[in-house]
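Student: Below is a structure I'd like to ask you about.
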Amino acid sequence: MSILSVKNVNKRFAGLKALNEVNLEVEAGTVHAIIGPNGAGKSTLLNCFVGRLIPDSGSVTFDGTSLLGKAPHEINQVGVSRVFQTPEIYGDLNLLENVMIPTFARRDGAFKINAWSAVSDEHDIKAQAISSLEDVGLLDSAGVTASQLSRGDKRRLELAMCLVQKPKLLLLDEPTAGMARADTNSTIDLLKTIAETGITMMIIEHDMHVVFSLAERISVLAQGTVIVEGLPDEIKGHPKVQEAYLGGAQL
Amino acid sequence: MKWLNIDKSDRMLLVIFVLAVLFAPIIMEPIGGGYPDLLQKFAIFGVFAIGYNILFGLTGYLSFGHAAFLGVGSYTAVWTFKLLTMNVIPAIILATVMGGIFSLAIGYVALRRSGIYFSILTLAFAQMSYNLAYSVLTPITNGETGLQLRQQDARVIDGMFGVERTDALPSTDLFGLAMSGWSGYYFCGVILILMFFISLRIFRSPFGIMLRAIKSNQNRLSYTGVNTRPYTLAAFVISGMYAGLAGGLLAVTDPLAGAERMQWTASGEVVLMTILGGAGTLVGPVVGAGVIKYFENIFSAFNHGILLDAFSFLPEALQQAFATLFGLFVGEGWHLTLGALFMLIVIFLPGGLMEGVNRIKNVIRRRSSSSGPPPTTDVSVKAGE
């Protein structure tokens with residue numbers, strides 16, 4: 001069953017056709033990767049899912065509801081969480097607070113003035129946040145201010161913030177961008193354990209090592225269109241893919 | 001069972017705060033501030049700054065227009081005195097409500113933008129309000145002269161209760177207790193404590209943590225499923241109500257209202273108070289309000305003669321030189337002292353005076369813990385320490 005269905009999506013920026021009739025189906029419970037050379041339209045496509053951009057035409061349906069024209073917070077509330085290319089966290093707050101905020105958002109919805117109760121009484125929220133921090137291995141630094149973390153740890157924190165919301169679809173925009181090899185490998189391991197819980201993930205990634213370690217299905221985007229889609233093994237040696245990546249250099 | 005539903009460390013803070021307000025006349029006596037008119041100003045501008053801090057300190061939205069709500073509060077209170085009763089309770093309630101209504105209208109429009117555009121919008125609205133009060137709405141505000149009480153005012157409620165009309169202008173009261181001198185200070189002091197308590201609860205609540213998330217990363221918050229606009233609007237209205245209340249209290253202690261209360265310099269003053277004391281801290285804004293009002297009243301009262309006395313232990317030539325030099329910074333020049341102090345604080349203590357207090361506290365803690373066991377790391381959710 002497909003959880004995210006993208007049909008004939010077009011997006012044009014002042015003469016440049018960023019997305020051209022994109023069709024995509026993401027099966028529930030799978031890890032789906034979108035790869036493609038620079039400027040292929042990967043990030044544009046992702047931005048169309050989360051409400052940052054509105055496609056010129058076409059449809060994006062998630063779990064039976066259309067995502068078009070919805071604001072980012074509404075899209076999150078139907079079960080889509082996103083990890084950014086540069087980790088977006090609350091730098092001034094400590095890790096526990098960072099993870100409690102999305103937990104509150106899941107319980108209280110998009111807006112609720114809860115000004116008379118104390119955060120220290122929210123034992124349930126705190127327990128969920130702590131268990132999520134434990135899952136990504138950051139529980140020991142729960143009291144640390146988030147801006148002091150290393151880049152890899154910031155990414156883990158952002159993952160914890162997304163996972164605590166128990167999203168139906170987790171969008172990852174280049175989760176290992178700018179990371180050292182060791183950090184990349186530990187992130188891959190972490191994502192593997194997350195994938196085993198049965199959550200649907202969509203990964204946009206440059207690094208083929210990451211893609212082939214995780215993805216169960218791959219779509220290749222080039223010049224705004226999906227040129228090939230298939231299992232990792234089918235993609236690996238596909239001539240069209242090699243052509244798209246700079247004149248057929250070996251992947 | 002938690003007492004007043006606040007944590008232990010906050011309880012301590014609240015107790016100290018209450019004691020400081022109650023004993024302010026004694027505490028301030030040695031530095032020449034132990035008289036009701038000044039302490040009243042501390043309390044009133046403390047309320048104003050605490051409210052402003054809920055907006056600026058928590059969400060980071062820098063409003064340059066909060067004096068407009070202060071002015072609205074004053075006008076509302078004076079009109080309540082004129083039309084209904086000289087009792088202060090209806091006046092401050094209506095002042096708070098009107099502050100809320102005005103801030104809802106202005107906030108609704110201004111919060112469509114953030115950053116510098118938001119600041120400029122609030123500034124523009126405040127200047128419009130000032131001009132309305134100064135000239136256009138003269139029938140309501142009495143323009144340049146300012147709104148004042150008159151003997152022949154209606155005072156409907158007072159009339160119903162058979163309050164006698166005398167030849168003198170009536171004075172404000174709380175069920176018969178005149179709101180002047182020390183009773184006036186303690187009335188404002190009790191309100192200040194109440195408002196401090198409310199702000200403490202907001203800081204420690206899930207709502208407060210959402211406001212801090214807006215300041216830290218609004219983008220992330222909206223991708224986390226939170227609609228940020230109503231949160232900022234709620235914070236804006238709460239701070240507007242605090243400002244309205246402060247304006248009402250100004251009218252309680254001195255029942256007249258003028259347009260100059262709404263001028264942009266007055267809006268700037270509350271920004272200075274909050275930053276000077278420590279934006280985003282609980283006590284900082286009150287401290288900042290106190291420091292600025294102290295300088296305004298005490299330093300501006302110094303003159304050449306007092307300085308000559310102060311340097312009388314020096315040889316005469318030096319005495320004259322020092323008195324002339326320091327004379328620049330007192331009297332009319334008290335703004336210079338304030339400016340210099342503000343610069344020093346922003347450069348060396350970007351977190352305001354409260355950052356200085358915390359640094360001293362940490363040094364003491366380190367000294368005392370070096371002999372004892374190391375402090376245990378405690379994971380807690382706290383703002384404004």
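Going by the structure tokens order, chains are called A, B, ..., each with residues numbered from 1, while ligands are numbered from 1 in the order shown.
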What's around Asn10 (chain A) at 7 Å? Count only C-alpha atoms, leave out sequence neighbours fewer than 3 positions away in its own chain, and write the answer as a PyMOL selection string.
Tutor: chain A and resi 19-22+55-58
Student: If you keep N, CA and C atoms, can you produce a file of those selected residues as a short mmCIF file (atom, residue, chain, number, x, y, z; two decimals), in the first residue's frame?
Tutor:
```cif
data_model
loop_
_atom_site.label_atom_id
_atom_site.label_comp_id
_atom_site.auth_asym_id
_atom_site.auth_seq_id
_atom_site.Cartn_x
_atom_site.Cartn_y
_atom_site.Cartn_z
N LEU A 19 10.75 20.85 -11.57
CA LEU A 19 10.13 19.52 -11.52
C LEU A 19 9.24 19.37 -12.75
N ASN A 20 9.40 18.25 -13.43
CA ASN A 20 8.69 18.05 -14.68
C ASN A 20 7.95 16.72 -14.62
N GLU A 21 6.63 16.78 -14.39
CA GLU A 21 5.79 15.58 -14.38
C GLU A 21 6.37 14.49 -13.50
N VAL A 22 6.60 14.80 -12.25
CA VAL A 22 7.17 13.79 -11.34
C VAL A 22 6.07 12.88 -10.82
N PRO A 55 3.39 23.08 -5.51
CA PRO A 55 3.62 22.75 -6.93
C PRO A 55 2.66 23.54 -7.82
N ASP A 56 3.11 23.81 -9.08
CA ASP A 56 2.25 24.53 -10.01
C ASP A 56 1.06 23.66 -10.43
N SER A 57 1.32 22.36 -10.59
CA SER A 57 0.22 21.46 -10.91
C SER A 57 0.57 20.07 -10.41
N GLY A 58 -0.41 19.18 -10.43
CA GLY A 58 -0.19 17.83 -9.94
C GLY A 58 -0.75 17.66 -8.55
#
```
Student: Using only C-alpha atoms and a cut-off of 7 Å, which residues of chain B sit close to chain A? Please list them as a list in words.
Tutor: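 Only these qualify: Arg201, Ile202, Arg204, Ser205, Pro206, Phe207, Gly208, Met210, Ala213, Ser216, Asn217, Arg220, Ser222, Tyr223, Thr224, Gly225, Val226, Asn227, Val379, Ser380 and Val381 of chain B.
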Student: What's the 9 Å shell around Met202 (chain A), counting only C-alpha atoms, without same-chain residues fewer than 2 positions away, as a ChimeraX atom specification?
Tutor: /A:26,30-34,169-173,200,204,215
Student: Can you check which residues of region 1-214 of chain A DSSP gives as helix (DSSP H, G or I) on the backbone and send them as an MDAnalysis selection string?
Tutor: chainID A and resid 42:50 72:77 95:108 119:121 123:135 139:141 146:148 151:163 181:196 208:214
Student: What is the CA of Glu316 (chain B) to CA of Leu338 (chain B) distance in Å?
Tutor: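 Calculated distance between CA of Glu316 (chain B) and CA of Leu338 (chain B) is 28.5 Å.
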Student: Would you list the contacts of Leu200 (chain B) as number ranges by chain, taking every protein, DNA or RNA residue within 9 Å and counting only C-alpha atoms, but skipping same-chain residues closer than 3 positions in sequence?
Tutor: B: 6, 10, 14, 195-197, 203-205, 282
Student: Once you have the residues from the selection above, write them out as a compact mmCIF listing (two decimals), in the first residue's frame, restricted to N, CA and C atoms.
Tutor:
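New file part.txt:
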```
# COMPACT_ATOMS: atom_id res chain seq x y z
N ILE B 6 4.57 25.68 42.46
CA ILE B 6 5.88 26.04 41.92
C ILE B 6 6.98 25.25 42.62
N ASP B 10 12.09 28.02 42.89
CA ASP B 10 11.26 29.17 42.55
C ASP B 10 10.56 29.72 43.78
N LEU B 14 10.50 33.50 45.00
CA LEU B 14 9.28 34.24 45.27
C LEU B 14 9.31 34.85 46.67
N MET B 195 1.80 40.02 39.78
CA MET B 195 2.19 39.95 38.37
C MET B 195 3.49 39.16 38.20
N PHE B 196 4.37 39.28 39.18
CA PHE B 196 5.61 38.49 39.15
C PHE B 196 5.27 37.01 39.24
N PHE B 197 4.34 36.70 40.12
CA PHE B 197 3.94 35.30 40.30
C PHE B 197 3.34 34.74 39.00
N PHE B 203 6.52 31.33 32.75
CA PHE B 203 7.87 30.89 32.41
C PHE B 203 8.03 29.39 32.55
N ARG B 204 7.41 28.82 33.57
CA ARG B 204 7.62 27.40 33.87
C ARG B 204 6.60 26.48 33.20
N SER B 205 5.71 27.06 32.39
CA SER B 205 4.61 26.26 31.83
C SER B 205 4.96 25.76 30.43
N LEU B 282 13.73 36.11 35.07
CA LEU B 282 12.50 36.43 35.79
C LEU B 282 12.60 37.78 36.50
```
Student: DSSP on the backbone: what in region 32-231 of chain A comes out strand (DSSP E or B), as number ranges by chain?
Tutor: A: 32-35, 57-62, 65-66, 80-83, 94, 145, 169-173, 200-204, 217-222, 225-230
Student: Counting only C-alpha atoms, figure out which residue out of B:Phe329, B:Phe42, B:Phe175, B:Phe23 gets nearest to Lys293 (chain B).
Tutor: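 Nearest to Lys293 (chain B): B:Phe42.
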Student: Taking only C-alpha atoms into account, which of B:Gly65, B:Pro170, B:Pro25, B:Gly162 comes nearest Leu38 (chain B)?
Tutor: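 Counting only C-alpha atoms, the residue closest to Leu38 (chain B) is B:Pro25.
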Student: By how many Å are CA of Thr85 (chain B) and CA of Val156 (chain B) apart?
Tutor: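 Interatomic distance here is 6.7 Å.
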Student: Take CA of Val220 (chain A) and CA of Val241 (chain A) and report the distance between them in Å, one decimal.
Tutor: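 Going from CA of Val220 (chain A) over to CA of Val241 (chain A), I get 7.1 Å.
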Student: Given only C-alpha atoms as the basis, pick out the residue of B:Ile93, B:Leu22, B:Leu349, B:Ile31 nearest to Asn297 (chain B).
Tutor: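 Of B:Ile93, B:Leu22, B:Leu349, B:Ile31, the one nearest Asn297 (chain B), counting only C-alpha atoms, is B:Ile31.
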Student: Go through B:Phe311, B:Phe326, B:Phe125, B:Tyr186 and flag the residue nearest Phe64 (chain B), using only C-alpha atoms for the distances.
Tutor: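 So, comparing all the options, the nearest one is B:Phe125.
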Student: Show me, as a list of chain:residue names, the residues that have an atom within 12 Å of Leu16 (chain A) when counting only C-alpha atoms, minus same-chain residues fewer than 3 positions from it.
Tutor: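 Once the adjacent positions are removed, what remains is A:Asn10, A:Lys11, A:Arg12, A:Phe13, A:Leu19, A:Asn20, A:Gly39, A:Ala40, A:Gly41, A:Gln223, A:Gly224.
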Student: Leaving out region 330-335 of chain B and any residue of its chain fewer than 4 positions from it, which residues lie within 8 Å of it when counting only C-alpha atoms, given as number ranges by chain?
Tutor: B: 295-296, 299-303, 326, 339
